[in-house]
6 protein chains.
Amino acid sequence: MGMIDISNKPIVRRTAKAAGKIRLSASTIEEIRAGTIRKGDPLAVAELSAISGAKQTAALIPFCHQIPLDTVSEEFEIINAREIMVTCIVKTRAGTGVEMEALVGVTMALNTIWDMVKYLEKDEQGQYPDTRMTDIRVLHKEKIE
Amino acid sequence: MGMIDISNKPIVRRTAKAAGKIRLSASTIEEIRAGTIRKGDPLAVAELSAISGAKQTAALIPFCHQIPLDTVSEEFEIINAREIMVTCIVKTRAGTGVEMEALVGVTMALNTIWDMVKYLEKDEQGQYPDTRMTDIRVLHKEKIE
Amino acid sequence: MGMIDISNKPIVRRTAKAAGKIRLSASTIEEIRAGTIRKGDPLAVAELSAISGAKQTAALIPFCHQIPLDTVSEEFEIINAREIMVTCIVKTRAGTGVEMEALVGVTMALNTIWDMVKYLEKDEQGQYPDTRMTDIRVLHKEKIE
Amino acid sequence: MGMIDISNKPIVRRTAKAAGKIRLSASTIEEIRAGTIRKGDPLAVAELSAISGAKQTAALIPFCHQIPLDTVSEEFEIINAREIMVTCIVKTRAGTGVEMEALVGVTMALNTIWDMVKYLEKDEQGQYPDTRMTDIRVLHKEKIE
Amino acid sequence: MGMIDISNKPIVRRTAKAAGKIRLSASTIEEIRAGTIRKGDPLAVAELSAISGAKQTAALIPFCHQIPLDTVSEEFEIINAREIMVTCIVKTRAGTGVEMEALVGVTMALNTIWDMVKYLEKDEQGQYPDTRMTDIRVLHKEKIE
Amino acid sequence: MGMIDISNKPIVRRTAKAAGKIRLSASTIEEIRAGTIRKGDPLAVAELSAISGAKQTAALIPFCHQIPLDTVSEEFEIINAREIMVTCIVKTRAGTGVEMEALVGVTMALNTIWDMVKYLEKDEQGQYPDTRMTDIRVLHKEKIE
């Protein structure tokens with residue numbers, strides 16, 4: 001039945017928080033910490049990609065509604081020698097929730113980190129044996145009516 | 001140092017194959033098999049989202065080049081009672097590789113599956129305790145010079 | 001005088017319904033009924049194209065306003081041996097009407113059906129002697145103040 | 001099977017020409033001739049919408065390839081007291097044809113003309129009893145190998 | 001800290017007015033006045049580019065919010081033998097100001113004028129020794145609470 | 001005559017270099033140097049906006065062709081106590097030049113810098129008495145046949 005009809009849903013405050021991880025080689029994580037990645041700071045670039053992606057969710061996911069976001073914020077944490085955790089919080093005043101916007105924010109951030117460090121992650125055959133995006137999930141969503 | 005200069009790279013045939021999984025509740029998987037999902041067939045809608053996303057990669061990942069894709073193809077497999085595997089193959093004739101396009105294809109497909117079944121995955125508090133996108137990776141890339 | 005100033009128009013419920021037809025060869029219609037079109041189900045793909053197009057109306061028609069749509073729904077009916085009718089209903093809460101969004105929905109659906117069956121509609125010279133999109137119109141629009 | 005694989009198709013010169021009509025009230029046609037339409041010249045605005053739409057075809061029709069267009073040109077003719085004919089020619093050097101680009105050009109031009117004159121076409125109930133887009137077709141396509 | 005959180009800002013009427021100039025050769029200005037520019041009227045085309053750009057501001061400037069514009073209007077004035085002044089007024093009902101939308105409108109208009117007359121502005125070496133966009137500024141902004 | 005027909009132009013290497021300046025208050029320049037701007041580093045964010053804008057030129061300027069860019073690079077220099085100079089170099093292999101892409105890169109970078117520091121540039125009445133984008137020009141273009 002396609003796109004849900006939200007014409008009878010009230011405009012209320014809504015928040016969603018999603019997260020996900022990317023697993024990289026230890027030496028790549030070291031270079032990120034050291035600030036020596038060739039194309040620039042992967043986490044700064046990923047933040048912009050996440051915000052841009054979240055704002056474009058309705059153009060990317062077929063049945064999503066166009067939702068004007070009050071804010072999109074990203075946090076990045078190197079949680080161990082091999083993994084970076086990305087968290088994305090989205091807020092709106094709208095008739096439907098924003099968990100898809102938060103998930104698009106997280107996945108675009110992770111994709112962008114991959115793009116920034118791919119020259120370090122490729123093996124001699126040009127393959128990515130160990131690079132992974134994992135554990136992408138919605139941590140929390142709520143509405144305040 | 002930003003966007004890599006590919007002006008001296010020859011235009012050659014390139015292929016990339018990426019994959020990823022989404023973990024859903026067993027009852028949601030049953031409904032997908034039975035064709036009873038309210039908004040329509042999640043895998044058919046996800047396929048279009050993947051193709052659309054892959055074609056827009058240069059607008060989504062800041063330092064990616066605009067690459068005209070010769071094809072984008074998606075495969076979906078229910079690999080067990082709780083998981084769907086998405087595989088995306090991208091081909092081009094271009095000066096740089098298309099693994100990011102394949103990864104964007106996979107992640108947009110997974111996000112769209114989530115959107116299609118989210119009414120079944122939410123618990124009584126409106127949260128998603130068990131839904132996960134995992135193990136997103138590049139299976140293979142090659143160029144034929 | 002370009003884009004109309006709607007800053008003094010109240011935000012009210014608005015609906016618009018548009019329709020249009022595509023004329024195909026009888027054998028193509030048979031294949032659509034039989035589900036044997038090579039690229040997939042033309043009507044399912046057309047539905048997504050219609051929704052996506054309707055949401056992007058302000059980017060496609062120069063003086064249209066950005067309107068957050070509460071829903072876009074499409075219906076497809078094979079009305080005779082040669083014609084498919086597409087109907088698109090759009091709802092919003094906004095300061096101006098959504099008939100252009102409904103018309104963009106219809107025309108994008110018709111264009112997509114054409115794309116899906118074009119290998120069947122071309123004659124031996126690669127031309128389309130009989131394929132037509134016709135009778136595209138606004139069936140109804142209303143606002144509830 | 002989704003998006004056709006064109007990786008083995010040679011890059012050749014291709015042209016497509018499409019056309020379509022919009023039927024308006026005689027008084028609207030008079031105002032277009034007289035240059036008194038409130039928002040500006042509908043045909044000049046429609047030309048830009050057609051070019052912009054044609055360039056975005058791959059983002060609008062799910063299985064279309066991204067094709068760099070060498071030119072898009074539009075012609076407008078008031079063919080009788082009630083009808084305007086729009087013709088769109090698209091040229092490229094690519095691995096697949098551009099008839100969909102030409103059709104998107106025509107349909108976006110027609111939609112934009114509608115938008116420009118809708119204040120004249122609406123009746124007292126705000127409906128459009130007589131406005132129609134009709135006879136949208138591909139006049140010719142060819143490739144020069 | 002990225003994108004400002006406007007979730008506690010009330011939705012109020014807001015207006016912004018920006019302006020800027022382009023300096024061209026005297027003969028180009030003469031041709032614009034005479035209506036003999038090859039690609040069409042630069043000011044009419046620039047107006048559409050300005051409106052389209054202003055509506056897409058949130059996709060162009062990373063931390064800008066998606067703001068539904070109530071109107072975008074452009075004025076063009078040939079202020080002397082060498083310069084055209086572009087003024088852009090944007091109105092909205094939103095939680096944050098629209099001066100960036102007005103500035104994007106002005107800069108896109110100026111870029112489009114450049115594009116329309118570039119064949120006249122280039123010297124024999126294909127360079128643009130004298131063409132300039134200058135003095136782009138916000139003339140006024142206000143909110144009415 | 002609208003969009004130029006480039007179907008007979010050979011695909012050759014092309015480069016364009018554009019530049020422009022933004023004038024800010026001396027204290028804002030000091031904060032940029034000190035790295036204390038609230039939303040982040042304006043120059044890093046402006047770089048991404050420039051690249052993204054340059055890649056979208058054909059969607060922003062009506063008669064521009066879709067050109068696959070081999071690279072876009074930006075340089076930022078604080079040239080005195082009140083001004084930042086932005087330089088953008090674009091390279092391609094295409095049938096037409098890329099000076100418009102370079103100019104869009106520069107103007108989007110300048111707009112983004114403005115957005116990043118606007119809280120510092122506004123006076124007590126919320127106006128921008130001294131902020132200016134100036135002297136935007138094409139420094140050089142060439143093709144290598």
# chains A, B, ... in the order shown; residues from 1 in each chain; ligands from 1

$ interface_residues --of "chain F" --to "chain B" --cutoff "9 Å" --atoms "only C-alpha atoms" --output "PyMOL selection string"
chain F and resi 13+47-49+51-52+55-56+67-74+91-93

$ residues_around --residues "Gln127 (chain F)" --least-positions-apart "3" --cutoff "9 Å" --atoms "only C-alpha atoms" --output "list in words"
Val138, Leu139, His140, Lys141 and Glu142 of chain E; Glu121, Lys122, Asp123 and Glu124 of chain F

$ residues_around --residues "Lys21 (chain F)" --least-positions-apart "4" --cutoff "7 Å" --atoms "only C-alpha atoms" --output "number ranges by chain"
F: 83-86, 133-136

$ residues_around --residues "Arg33 (chain F)" --least-positions-apart "6" --cutoff "10 Å" --atoms "only C-alpha atoms" --output "list in words"
Ser27, Asp41 and Ile78 of chain F

$ write_last_selection --atoms "N, CA and C atoms" --output "mmCIF file, in the first residue's frame"
data_model
loop_
_atom_site.group_PDB
_atom_site.id
_atom_site.type_symbol
_atom_site.label_atom_id
_atom_site.label_comp_id
_atom_site.auth_asym_id
_atom_site.auth_seq_id
_atom_site.Cartn_x
_atom_site.Cartn_y
_atom_site.Cartn_z
ATOM 1 N N SER F 27 37.892 40.211 13.767
ATOM 2 C CA SER F 27 37.766 39.268 14.886
ATOM 3 C C SER F 27 37.296 37.894 14.409
ATOM 4 N N ASP F 41 35.422 23.971 11.566
ATOM 5 C CA ASP F 41 36.389 24.701 10.731
ATOM 6 C C ASP F 41 35.705 25.151 9.436
ATOM 7 N N ILE F 78 44.157 32.997 3.981
ATOM 8 C CA ILE F 78 43.802 34.241 4.663
ATOM 9 C C ILE F 78 44.800 35.276 4.163
#

$ select_by_dssp --residues "region 24-63 of chain B" --states "helix (DSSP H, G or I)" --output "list in words"
Ala26, Ser27, Thr28, Ile29, Glu30, Glu31, Ile32, Arg33, Ala34, Pro42, Leu43, Ala44, Val45, Ala46, Glu47, Leu48, Ser49, Ala50, Ile51, Ser52, Gly53, Ala54, Lys55, Thr57, Ala58, Ala59 and Leu60 of chain B

$ write_last_selection --atoms "C-alpha atoms" --output "mmCIF file, in the first residue's frame"
data_model
loop_
_atom_site.group_PDB
_atom_site.id
_atom_site.type_symbol
_atom_site.label_atom_id
_atom_site.label_comp_id
_atom_site.auth_asym_id
_atom_site.auth_seq_id
_atom_site.Cartn_x
_atom_site.Cartn_y
_atom_site.Cartn_z
ATOM 1 C CA ALA B 26 11.511 -14.520 12.668
ATOM 2 C CA SER B 27 7.886 -13.433 12.288
ATOM 3 C CA THR B 28 8.868 -10.528 10.027
ATOM 4 C CA ILE B 29 10.875 -12.883 7.832
ATOM 5 C CA GLU B 30 7.796 -15.127 7.679
ATOM 6 C CA GLU B 31 5.661 -12.198 6.537
ATOM 7 C CA ILE B 32 8.206 -11.261 3.852
ATOM 8 C CA ARG B 33 8.134 -14.872 2.593
ATOM 9 C CA ALA B 34 4.327 -14.847 2.683
ATOM 10 C CA PRO B 42 10.389 -5.054 0.790
ATOM 11 C CA LEU B 43 12.896 -6.720 -1.506
ATOM 12 C CA ALA B 44 11.430 -5.250 -4.695
ATOM 13 C CA VAL B 45 11.372 -1.761 -3.184
ATOM 14 C CA ALA B 46 14.873 -2.222 -1.766
ATOM 15 C CA GLU B 47 16.187 -3.151 -5.198
ATOM 16 C CA LEU B 48 15.058 0.192 -6.630
ATOM 17 C CA SER B 49 16.452 2.110 -3.688
ATOM 18 C CA ALA B 50 19.793 0.376 -4.159
ATOM 19 C CA ILE B 51 20.005 1.224 -7.843
ATOM 20 C CA SER B 52 18.952 4.806 -7.230
ATOM 21 C CA GLY B 53 21.427 5.183 -4.371
ATOM 22 C CA ALA B 54 24.313 3.665 -6.334
ATOM 23 C CA LYS B 55 23.705 6.092 -9.200
ATOM 24 C CA THR B 57 27.005 7.982 -4.932
ATOM 25 C CA ALA B 58 28.953 11.066 -6.042
ATOM 26 C CA ALA B 59 26.283 13.279 -4.503
ATOM 27 C CA LEU B 60 26.344 11.340 -1.225
#

$ closest_residue --among "E:Leu24, E:Ile11, E:Met116, E:Ala109" --to "Cys88 (chain E)" --atoms "only C-alpha atoms"
E:Ala109

$ select_by_dssp --residues "chain E" --states "strand (DSSP E or B)" --output "number ranges by chain"
E: 12-23, 69-78, 83-94, 132-144

$ atom_distance --atom1 "CA of Pro10 (chain B)" --atom2 "CA of Val98 (chain B)"
14.5 Å

$ decode --residues "region 26-103 of chain B" --atoms "C-alpha atoms" --output "tab-separated table (two decimals), in the first residue's frame"
chain	number	residue	atom	x	y	z
B	26	ALA	CA	11.51	-14.52	12.67
B	27	SER	CA	7.89	-13.43	12.29
B	28	THR	CA	8.87	-10.53	10.03
B	29	ILE	CA	10.88	-12.88	7.83
B	30	GLU	CA	7.80	-15.13	7.68
B	31	GLU	CA	5.66	-12.20	6.54
B	32	ILE	CA	8.21	-11.26	3.85
B	33	ARG	CA	8.13	-14.87	2.59
B	34	ALA	CA	4.33	-14.85	2.68
B	35	GLY	CA	4.11	-11.54	0.82
B	36	THR	CA	1.97	-9.89	3.50
B	37	ILE	CA	4.03	-6.79	4.32
B	38	ARG	CA	1.69	-3.81	4.46
B	39	LYS	CA	3.62	-1.35	2.29
B	40	GLY	CA	4.49	-3.95	-0.41
B	41	ASP	CA	7.37	-6.34	-1.18
B	42	PRO	CA	10.39	-5.05	0.79
B	43	LEU	CA	12.90	-6.72	-1.51
B	44	ALA	CA	11.43	-5.25	-4.70
B	45	VAL	CA	11.37	-1.76	-3.18
B	46	ALA	CA	14.87	-2.22	-1.77
B	47	GLU	CA	16.19	-3.15	-5.20
B	48	LEU	CA	15.06	0.19	-6.63
B	49	SER	CA	16.45	2.11	-3.69
B	50	ALA	CA	19.79	0.38	-4.16
B	51	ILE	CA	20.01	1.22	-7.84
B	52	SER	CA	18.95	4.81	-7.23
B	53	GLY	CA	21.43	5.18	-4.37
B	54	ALA	CA	24.31	3.67	-6.33
B	55	LYS	CA	23.70	6.09	-9.20
B	56	GLN	CA	23.80	9.01	-6.73
B	57	THR	CA	27.00	7.98	-4.93
B	58	ALA	CA	28.95	11.07	-6.04
B	59	ALA	CA	26.28	13.28	-4.50
B	60	LEU	CA	26.34	11.34	-1.23
B	61	ILE	CA	30.04	10.68	-0.54
B	62	PRO	CA	31.97	13.94	-0.73
B	63	PHE	CA	35.14	12.87	-2.57
B	64	CYS	CA	33.59	10.27	-4.92
B	65	HIS	CA	33.75	10.91	-8.67
B	66	GLN	CA	30.71	11.00	-10.94
B	67	ILE	CA	30.82	7.57	-12.61
B	68	PRO	CA	28.33	6.50	-15.30
B	69	LEU	CA	27.29	2.97	-14.30
B	70	ASP	CA	26.83	0.32	-17.00
B	71	THR	CA	24.64	-1.68	-14.65
B	72	VAL	CA	23.67	-2.12	-11.01
B	73	SER	CA	22.19	-5.45	-10.00
B	74	GLU	CA	20.92	-6.61	-6.62
B	75	GLU	CA	20.26	-10.06	-5.22
B	76	PHE	CA	18.32	-10.84	-2.07
B	77	GLU	CA	18.45	-14.11	-0.18
B	78	ILE	CA	16.75	-15.13	3.04
B	79	ILE	CA	19.71	-17.02	4.46
B	80	ASN	CA	18.13	-18.23	7.69
B	81	ALA	CA	15.11	-17.69	9.93
B	82	ARG	CA	16.33	-14.28	10.98
B	83	GLU	CA	18.52	-12.83	8.24
B	84	ILE	CA	18.36	-11.48	4.70
B	85	MET	CA	21.56	-11.13	2.67
B	86	VAL	CA	21.77	-8.38	0.04
B	87	THR	CA	24.38	-8.53	-2.73
B	88	CYS	CA	25.05	-5.68	-5.14
B	89	ILE	CA	27.13	-5.82	-8.33
B	90	VAL	CA	28.14	-2.63	-10.12
B	91	LYS	CA	29.89	-2.37	-13.50
B	92	THR	CA	31.36	0.63	-15.25
B	93	ARG	CA	33.88	1.84	-17.79
B	94	ALA	CA	35.66	4.55	-15.82
B	95	GLY	CA	38.89	5.90	-14.44
B	96	THR	CA	38.32	4.75	-10.86
B	97	GLY	CA	36.72	1.83	-9.05
B	98	VAL	CA	33.09	1.37	-8.05
B	99	GLU	CA	33.26	-0.35	-4.67
B	100	MET	CA	31.71	2.70	-2.99
B	101	GLU	CA	28.79	2.54	-5.44
B	102	ALA	CA	28.29	-1.13	-4.55
B	103	LEU	CA	28.44	-0.37	-0.81
